[in-house]
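Only one structure is covered here, and it is reproduced in the block below.
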Amino acid sequence: PRILILGAPGAGKGTQSAKITEEFNVEHVTTGDALRSNKEMDISEMDTEYDTPGEYMDQGELVPDEVVNAIVDEALSQAGGFVLDGYPRNLEQAEELEDMTDLDIVLMLDVSEEELVHRLTGRRMDPETGDIYHVEYNPPEDDEVEERLVQRDDDDEETVRERLGVYRENTEPVIEHYEEQGVLERVDGEQAPDEVWEAVKKTIEDAA
Ligand code: AP5
Ligand code: ZN
């Protein structure tokens with residue numbers, strides 16, 4: 001299936017996408033990860049405010065559409081089934097996406113703002129595997145893994161607040177857009193990860 005997963009920063013898009021890729025044998029197309037691997041890429045030719053994606057990301061701002069649209073277009077043209085995570089983040093991107101592909105399922109993970117801040121400031125990443133952890137909710141069992149965990153550059157509280165503001169302003173209209181089309185499947189993302197997964201899995205299976 002071609003799945004779109006929507007939700008605020010920290011809603012659990014990455015966590016659930018990892019499970020979806022395994023269960024449904026689809027590719028994880030994520031603009032956040034793609035941009036993090038290309039933080040130093042020279043985009044100055046595109047006449048953007050900053051010269052690299054990293055300068056936008058570290059301030060919690062959106063990277064210019066031109067850069068992100070090209071990444072997604074390329075990735076989707078090579079994928080069969082996919083779960084798309086991190087895109088579209090504004091109505092212009094949603095329009096671009098409509099020209100790139102059809103979608104079978106549009107999922108939305110609903111989580112309260114207070115919980116989002118707590119999740120993001122406590123998140124840790126394994127730089128070797130890309131696995132996502134949380135100091136309280138999901139600590140690693142292995143001491144060796146625990147020692148190498150790192151915090152994402154944009155997970156300090158100030159940048160988290162900025163990202164949530166950008167989400168409210170730019171991405172909530174995208175949610176409304178899919179809602180108006182009658183295709184949005186809301187899942188309660190505030191439950192424990194396994195319970196969220198049960199709901200996500202069922203929603204995908206029911207839509208297939
Ligand atoms: P991106 O990487 O997409 O970040 P985001 O949308 O802010 O989302 P996150 O990755 O922070 O959260 P998530 O929903 O994946 O949550 P996770 O599963 O990790 O984008 C980063 C930046 O790149 C942007 O700010 C922007 O600059 C740029 N960018 C990306 N896409 C762009 C685009 N389209 N256009 C322009 N710019 C773009 O979980 C979070 C934490 O919670 C973890 O610690 C996890 O263990 C824990 N957790 C997860 N689920 C649960 C649960 N059910 N209960 C308890 N804890 C949980
Ligand atoms: Zn993510």
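To be explicit about the labels: the chains of the structure tokens are called A, B, and onward in the order shown, and within each one the residues are counted from 1, while ligands get numbers from 1 in the order they are shown.
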
Which residues are near stretch 187-195 of chain A? Cut-off 8 Å, only C-alpha atoms, ignore same chain within fewer than 5 positions. Put them as an mmCIF file with N, CA and C atoms, in the first residue's frame.
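Once written, selection_29.cif looks like this:
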data_model
loop_
_atom_site.group_PDB
_atom_site.id
_atom_site.type_symbol
_atom_site.label_atom_id
_atom_site.label_comp_id
_atom_site.auth_asym_id
_atom_site.auth_seq_id
_atom_site.Cartn_x
_atom_site.Cartn_y
_atom_site.Cartn_z
ATOM 1 N N ALA A 11 4.926 12.966 17.519
ATOM 2 C CA ALA A 11 3.678 12.199 17.601
ATOM 3 C C ALA A 11 3.935 10.691 17.497
ATOM 4 N N GLY A 12 5.086 10.310 16.943
ATOM 5 C CA GLY A 12 5.410 8.889 16.824
ATOM 6 C C GLY A 12 5.429 8.396 15.381
ATOM 7 N N THR A 15 8.494 6.107 14.863
ATOM 8 C CA THR A 15 8.314 4.877 15.635
ATOM 9 C C THR A 15 7.322 3.939 14.933
ATOM 10 N N GLN A 16 6.188 4.473 14.508
ATOM 11 C CA GLN A 16 5.169 3.641 13.855
ATOM 12 C C GLN A 16 5.591 3.257 12.435
ATOM 13 N N LEU A 107 -3.059 8.443 7.430
ATOM 14 C CA LEU A 107 -3.163 8.246 8.875
ATOM 15 C C LEU A 107 -2.742 9.504 9.605
ATOM 16 N N MET A 108 -3.408 9.769 10.721
ATOM 17 C CA MET A 108 -3.041 10.932 11.540
ATOM 18 C C MET A 108 -2.893 10.476 12.986
ATOM 19 N N LEU A 109 -1.714 10.692 13.582
ATOM 20 C CA LEU A 109 -1.485 10.342 14.984
ATOM 21 C C LEU A 109 -1.787 11.567 15.852
ATOM 22 N N ASP A 110 -2.823 11.458 16.664
ATOM 23 C CA ASP A 110 -3.258 12.563 17.530
ATOM 24 C C ASP A 110 -2.572 12.491 18.884
ATOM 25 N N VAL A 111 -1.838 13.534 19.252
ATOM 26 C CA VAL A 111 -1.173 13.591 20.561
ATOM 27 C C VAL A 111 -1.243 15.029 21.078
ATOM 28 N N SER A 112 -1.455 15.185 22.401
ATOM 29 C CA SER A 112 -1.560 16.522 22.990
ATOM 30 C C SER A 112 -0.193 17.214 23.006
ATOM 31 N N GLU A 115 2.351 16.427 25.904
ATOM 32 C CA GLU A 115 3.010 15.130 25.744
ATOM 33 C C GLU A 115 4.094 15.205 24.656
ATOM 34 N N VAL A 200 -2.931 1.315 14.475
ATOM 35 C CA VAL A 200 -2.389 1.666 13.153
ATOM 36 C C VAL A 200 -2.511 0.470 12.209
#

Kindly assemble as JSON lines a list of the chain A residues that lie within 7 Å of ligand 1, each paired with its nearest atom pair and their distance in Å to one decimal, using only C-alpha atoms and all ligand atoms, sorted first by chain and then by ascending residue number.
{"residue": "A:Gly7", "atom": "CA", "partner": "ligand 1", "partner_atom_place_in_ligand_line": "14 (O)", "distance": 6.2}
{"residue": "A:Ala8", "atom": "CA", "partner": "ligand 1", "partner_atom_place_in_ligand_line": "6 (O)", "distance": 6.0}
{"residue": "A:Pro9", "atom": "CA", "partner": "ligand 1", "partner_atom_place_in_ligand_line": "7 (O)", "distance": 3.4}
{"residue": "A:Gly10", "atom": "CA", "partner": "ligand 1", "partner_atom_place_in_ligand_line": "12 (O)", "distance": 3.4}
{"residue": "A:Ala11", "atom": "CA", "partner": "ligand 1", "partner_atom_place_in_ligand_line": "14 (O)", "distance": 4.0}
{"residue": "A:Gly12", "atom": "CA", "partner": "ligand 1", "partner_atom_place_in_ligand_line": "18 (O)", "distance": 3.3}
{"residue": "A:Lys13", "atom": "CA", "partner": "ligand 1", "partner_atom_place_in_ligand_line": "14 (O)", "distance": 3.7}
{"residue": "A:Gly14", "atom": "CA", "partner": "ligand 1", "partner_atom_place_in_ligand_line": "15 (O)", "distance": 3.6}
{"residue": "A:Thr15", "atom": "CA", "partner": "ligand 1", "partner_atom_place_in_ligand_line": "18 (O)", "distance": 3.6}
{"residue": "A:Gln16", "atom": "CA", "partner": "ligand 1", "partner_atom_place_in_ligand_line": "18 (O)", "distance": 6.4}
{"residue": "A:Thr30", "atom": "CA", "partner": "ligand 1", "partner_atom_place_in_ligand_line": "3 (O)", "distance": 6.8}
{"residue": "A:Thr31", "atom": "CA", "partner": "ligand 1", "partner_atom_place_in_ligand_line": "31 (N)", "distance": 4.4}
{"residue": "A:Gly32", "atom": "CA", "partner": "ligand 1", "partner_atom_place_in_ligand_line": "2 (O)", "distance": 3.3}
{"residue": "A:Asp33", "atom": "CA", "partner": "ligand 1", "partner_atom_place_in_ligand_line": "2 (O)", "distance": 5.8}
{"residue": "A:Leu35", "atom": "CA", "partner": "ligand 1", "partner_atom_place_in_ligand_line": "23 (O)", "distance": 6.2}
{"residue": "A:Tyr56", "atom": "CA", "partner": "ligand 1", "partner_atom_place_in_ligand_line": "27 (O)", "distance": 5.4}
{"residue": "A:Met57", "atom": "CA", "partner": "ligand 1", "partner_atom_place_in_ligand_line": "27 (O)", "distance": 3.5}
{"residue": "A:Gly60", "atom": "CA", "partner": "ligand 1", "partner_atom_place_in_ligand_line": "25 (O)", "distance": 4.5}
{"residue": "A:Glu61", "atom": "CA", "partner": "ligand 1", "partner_atom_place_in_ligand_line": "27 (O)", "distance": 4.8}
{"residue": "A:Leu62", "atom": "CA", "partner": "ligand 1", "partner_atom_place_in_ligand_line": "37 (N)", "distance": 3.7}
{"residue": "A:Val63", "atom": "CA", "partner": "ligand 1", "partner_atom_place_in_ligand_line": "37 (N)", "distance": 3.9}
{"residue": "A:Pro64", "atom": "CA", "partner": "ligand 1", "partner_atom_place_in_ligand_line": "36 (C)", "distance": 5.9}
{"residue": "A:Asp65", "atom": "CA", "partner": "ligand 1", "partner_atom_place_in_ligand_line": "35 (N)", "distance": 6.0}
{"residue": "A:Val68", "atom": "CA", "partner": "ligand 1", "partner_atom_place_in_ligand_line": "35 (N)", "distance": 5.6}
{"residue": "A:Asp85", "atom": "CA", "partner": "ligand 1", "partner_atom_place_in_ligand_line": "3 (O)", "distance": 6.6}
{"residue": "A:Gly86", "atom": "CA", "partner": "ligand 1", "partner_atom_place_in_ligand_line": "3 (O)", "distance": 4.1}
{"residue": "A:Tyr87", "atom": "CA", "partner": "ligand 1", "partner_atom_place_in_ligand_line": "34 (N)", "distance": 3.9}
{"residue": "A:Pro88", "atom": "CA", "partner": "ligand 1", "partner_atom_place_in_ligand_line": "34 (N)", "distance": 5.1}
{"residue": "A:Arg89", "atom": "CA", "partner": "ligand 1", "partner_atom_place_in_ligand_line": "34 (N)", "distance": 4.9}
{"residue": "A:Arg119", "atom": "CA", "partner": "ligand 1", "partner_atom_place_in_ligand_line": "42 (O)", "distance": 4.2}
{"residue": "A:Leu120", "atom": "CA", "partner": "ligand 1", "partner_atom_place_in_ligand_line": "41 (C)", "distance": 5.2}
{"residue": "A:Gly122", "atom": "CA", "partner": "ligand 1", "partner_atom_place_in_ligand_line": "44 (O)", "distance": 5.9}
{"residue": "A:Arg123", "atom": "CA", "partner": "ligand 1", "partner_atom_place_in_ligand_line": "44 (O)", "distance": 3.3}
{"residue": "A:Arg124", "atom": "CA", "partner": "ligand 1", "partner_atom_place_in_ligand_line": "44 (O)", "distance": 5.9}
{"residue": "A:Ile132", "atom": "CA", "partner": "ligand 1", "partner_atom_place_in_ligand_line": "46 (O)", "distance": 5.3}
{"residue": "A:Tyr133", "atom": "CA", "partner": "ligand 1", "partner_atom_place_in_ligand_line": "46 (O)", "distance": 4.1}
{"residue": "A:His134", "atom": "CA", "partner": "ligand 1", "partner_atom_place_in_ligand_line": "44 (O)", "distance": 3.8}
{"residue": "A:Tyr137", "atom": "CA", "partner": "ligand 1", "partner_atom_place_in_ligand_line": "56 (N)", "distance": 5.3}
{"residue": "A:Asn138", "atom": "CA", "partner": "ligand 1", "partner_atom_place_in_ligand_line": "46 (O)", "distance": 5.5}
{"residue": "A:Arg163", "atom": "CA", "partner": "ligand 1", "partner_atom_place_in_ligand_line": "25 (O)", "distance": 5.8}
{"residue": "A:Gly189", "atom": "CA", "partner": "ligand 1", "partner_atom_place_in_ligand_line": "53 (N)", "distance": 5.7}
{"residue": "A:Glu190", "atom": "CA", "partner": "ligand 1", "partner_atom_place_in_ligand_line": "53 (N)", "distance": 5.6}
{"residue": "A:Gln191", "atom": "CA", "partner": "ligand 1", "partner_atom_place_in_ligand_line": "53 (N)", "distance": 5.2}
{"residue": "A:Ala192", "atom": "CA", "partner": "ligand 1", "partner_atom_place_in_ligand_line": "53 (N)", "distance": 4.2}
{"residue": "A:Pro193", "atom": "CA", "partner": "ligand 1", "partner_atom_place_in_ligand_line": "53 (N)", "distance": 3.5}
{"residue": "A:Val196", "atom": "CA", "partner": "ligand 1", "partner_atom_place_in_ligand_line": "53 (N)", "distance": 5.9}

Looking at only C-alpha atoms and all ligand atoms, which of A:Asp131, A:Asp47, A:Ile71, A:Glu179 is the one that sits closest to ligand 2?
->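 Looking at the shortest contact to ligand 2, the residue is A:Asp131.
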
Please identify all polymer residues within 9 Å of A:Leu149, counting only C-alpha atoms, omitting same-chain residues fewer than 4 positions from it, and present them as a VMD selection string.
-> chain A and resid 124 to 128 133 145

Could you please determine the separation between atom CA of A:Pro1 and atom CA of A:Thr171 in Å, to one decimal place?
->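 Here the two named atoms are 23.4 Å from each other.
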
All strand (DSSP E or B) positions in chain A, as a ChimeraX atom specification | /A:2-7,27-30,82-85,105-110,123-125,132-134,138,150,184-188

Tell me which of A:Asp104, A:Asp142, A:Glu169, A:Glu45 sits closest to A:Glu205, counting only C-alpha atoms.
-> A:Asp104

Could you give me, as number ranges by chain, the residues within 6 Å of A:Leu4, counting only C-alpha atoms and dropping anything in the same chain fewer than 3 positions from it?
-> A: 83-84, 106

Next, dump the selected residues to file, keeping only C-alpha atoms, as a PDB file, in the first residue's frame.
ATOM      1  CA  VAL A  83       5.027   4.928   4.144  1.00  0.00           C
ATOM      2  CA  LEU A  84       5.635   8.643   3.680  1.00  0.00           C
ATOM      3  CA  VAL A 106      -3.853   8.783   5.156  1.00  0.00           C
TER       4      VAL A 106
END

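Take the candidates A:His28, A:Asn38, A:Tyr178, A:Asp155 and check each one against A:Ile105 using only C-alpha atoms; the shortest distance goes to A:Tyr178.
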
Using DSSP on the backbone, list every residue of stretch 2-99 of chain A that comes out as alpha helix (DSSP H), and give them as JSON, numbers by chain.
-> {"A": [13, 14, 15, 16, 17, 18, 19, 20, 21, 22, 23, 24, 31, 32, 33, 34, 35, 36, 53, 54, 55, 56, 57, 65, 66, 67, 68, 69, 70, 71, 72, 73, 74, 75, 76, 77, 78, 91, 92, 93, 94, 95, 96, 97, 98, 99]}

Saved selection, atoms kept: N, CA and C atoms, as a CSV table (one decimal), in the first residue's frame:
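Saved the output as part_30.csv:
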chain,number,residue,atom,x,y,z
A,13,LYS,N,5.6,9.3,14.4
A,13,LYS,CA,5.6,8.9,13.0
A,13,LYS,C,6.7,8.0,12.7
A,14,GLY,N,7.9,8.3,13.2
A,14,GLY,CA,9.1,7.5,12.9
A,14,GLY,C,9.0,6.1,13.6
A,15,THR,N,8.5,6.1,14.9
A,15,THR,CA,8.3,4.9,15.6
A,15,THR,C,7.3,3.9,14.9
A,16,GLN,N,6.2,4.5,14.5
A,16,GLN,CA,5.2,3.6,13.9
A,16,GLN,C,5.6,3.3,12.4
A,17,SER,N,6.3,4.2,11.7
A,17,SER,CA,6.7,3.8,10.4
A,17,SER,C,7.7,2.6,10.4
A,18,ALA,N,8.5,2.5,11.4
A,18,ALA,CA,9.5,1.4,11.5
A,18,ALA,C,8.7,0.1,11.5
A,19,LYS,N,7.6,0.1,12.3
A,19,LYS,CA,6.7,-1.1,12.4
A,19,LYS,C,6.0,-1.4,11.1
A,20,ILE,N,5.5,-0.3,10.5
A,20,ILE,CA,4.8,-0.5,9.2
A,20,ILE,C,5.6,-1.1,8.1
A,21,THR,N,6.9,-0.6,8.0
A,21,THR,CA,7.8,-1.1,7.0
A,21,THR,C,8.0,-2.6,7.1
A,22,GLU,N,8.1,-3.0,8.4
A,22,GLU,CA,8.4,-4.4,8.7
A,22,GLU,C,7.2,-5.3,8.4
A,23,GLU,N,6.0,-4.8,8.8
A,23,GLU,CA,4.8,-5.6,8.7
A,23,GLU,C,4.2,-5.7,7.3
A,24,PHE,N,4.3,-4.5,6.6
A,24,PHE,CA,3.7,-4.5,5.3
A,24,PHE,C,4.6,-4.4,4.1
A,31,THR,N,11.4,12.6,4.9
A,31,THR,CA,12.1,13.8,4.6
A,31,THR,C,13.1,14.2,5.7
A,32,GLY,N,12.7,14.0,6.9
A,32,GLY,CA,13.5,14.4,8.1
A,32,GLY,C,14.9,13.6,8.0
A,33,ASP,N,14.8,12.3,7.9
A,33,ASP,CA,16.0,11.5,7.8
A,33,ASP,C,16.8,11.9,6.6
A,34,ALA,N,16.2,12.0,5.4
A,34,ALA,CA,16.9,12.4,4.2
A,34,ALA,C,17.6,13.7,4.3
A,35,LEU,N,16.9,14.7,5.0
A,35,LEU,CA,17.6,16.0,5.1
A,35,LEU,C,18.7,15.9,6.2
A,36,ARG,N,18.5,15.1,7.2
A,36,ARG,CA,19.6,15.0,8.2
A,36,ARG,C,20.8,14.4,7.6
A,53,PRO,N,20.5,22.9,4.2
A,53,PRO,CA,19.3,22.5,4.9
A,53,PRO,C,19.5,22.6,6.5
A,54,GLY,N,20.7,22.2,6.9
A,54,GLY,CA,20.9,22.2,8.4
A,54,GLY,C,20.6,23.5,9.1
A,55,GLU,N,20.9,24.6,8.4
A,55,GLU,CA,20.6,25.9,9.0
A,55,GLU,C,19.1,26.2,9.3
A,56,TYR,N,18.3,25.6,8.4
A,56,TYR,CA,16.8,25.7,8.7
A,56,TYR,C,16.5,24.8,9.8
A,57,MET,N,17.0,23.5,9.7
A,57,MET,CA,16.6,22.5,10.6
A,57,MET,C,16.9,22.8,12.1
A,65,ASP,N,10.6,24.4,0.0
A,65,ASP,CA,9.8,23.4,-0.7
A,65,ASP,C,10.6,22.8,-1.9
A,66,GLU,N,11.3,23.7,-2.6
A,66,GLU,CA,12.0,23.2,-3.8
A,66,GLU,C,12.9,22.1,-3.5
A,67,VAL,N,13.6,22.2,-2.4
A,67,VAL,CA,14.6,21.2,-2.0
A,67,VAL,C,13.9,19.9,-1.6
A,68,VAL,N,12.8,20.0,-0.8
A,68,VAL,CA,12.1,18.9,-0.2
A,68,VAL,C,11.3,18.2,-1.3
A,69,ASN,N,10.7,18.9,-2.2
A,69,ASN,CA,9.9,18.3,-3.3
A,69,ASN,C,10.7,17.4,-4.1
A,70,ALA,N,11.9,17.9,-4.4
A,70,ALA,CA,12.8,17.1,-5.3
A,70,ALA,C,13.2,15.7,-4.6
A,71,ILE,N,13.4,15.8,-3.3
A,71,ILE,CA,13.8,14.6,-2.5
A,71,ILE,C,12.7,13.6,-2.6
A,72,VAL,N,11.5,14.1,-2.3
A,72,VAL,CA,10.3,13.1,-2.3
A,72,VAL,C,10.0,12.6,-3.7
A,73,ASP,N,10.0,13.4,-4.7
A,73,ASP,CA,9.7,13.0,-6.0
A,73,ASP,C,10.7,11.9,-6.4
A,74,GLU,N,11.9,12.0,-6.2
A,74,GLU,CA,13.0,11.0,-6.5
A,74,GLU,C,12.7,9.7,-5.7
A,75,ALA,N,12.4,9.9,-4.4
A,75,ALA,CA,12.3,8.7,-3.6
A,75,ALA,C,11.0,7.9,-3.9
A,76,LEU,N,9.9,8.6,-4.2
A,76,LEU,CA,8.6,7.9,-4.5
A,76,LEU,C,8.7,7.3,-5.9
A,77,SER,N,9.5,7.9,-6.8
A,77,SER,CA,9.5,7.3,-8.2
A,77,SER,C,10.2,5.9,-8.1
A,78,GLN,N,11.0,5.7,-7.1
A,78,GLN,CA,11.7,4.4,-7.0
A,78,GLN,C,11.1,3.4,-6.0
A,91,LEU,N,0.5,23.4,2.4
A,91,LEU,CA,-0.5,23.1,1.4
A,91,LEU,C,0.2,23.1,0.0
A,92,GLU,N,1.3,23.8,-0.2
A,92,GLU,CA,2.0,23.8,-1.5
A,92,GLU,C,2.6,22.4,-1.7
A,93,GLN,N,3.1,21.8,-0.6
A,93,GLN,CA,3.7,20.5,-0.7
A,93,GLN,C,2.6,19.4,-0.9
A,94,ALA,N,1.4,19.6,-0.3
A,94,ALA,CA,0.3,18.7,-0.5
A,94,ALA,C,-0.1,18.7,-2.0
A,95,GLU,N,-0.1,19.9,-2.6
A,95,GLU,CA,-0.4,20.0,-4.0
A,95,GLU,C,0.6,19.2,-4.9
A,96,GLU,N,1.9,19.4,-4.6
A,96,GLU,CA,2.9,18.7,-5.3
A,96,GLU,C,2.8,17.2,-5.2
A,97,LEU,N,2.4,16.8,-4.0
A,97,LEU,CA,2.3,15.3,-3.8
A,97,LEU,C,1.2,14.7,-4.6
A,98,GLU,N,0.1,15.5,-4.8
A,98,GLU,CA,-1.0,15.0,-5.6
A,98,GLU,C,-0.6,14.8,-7.0
A,99,ASP,N,0.4,15.6,-7.5
A,99,ASP,CA,0.9,15.3,-8.8
A,99,ASP,C,1.9,14.2,-8.9

Which residue, A:Asp58, A:Asp51, A:Asp102, A:Glu114, has the smallest gap to A:Gly81 when you use only C-alpha atoms?
->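 The closest residue to A:Gly81 is A:Asp102.
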
Å distance separating atom CA of A:Thr52 from atom CA of A:Lys39, one decimal place |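 Distance between the two atoms: 6.3 Å.
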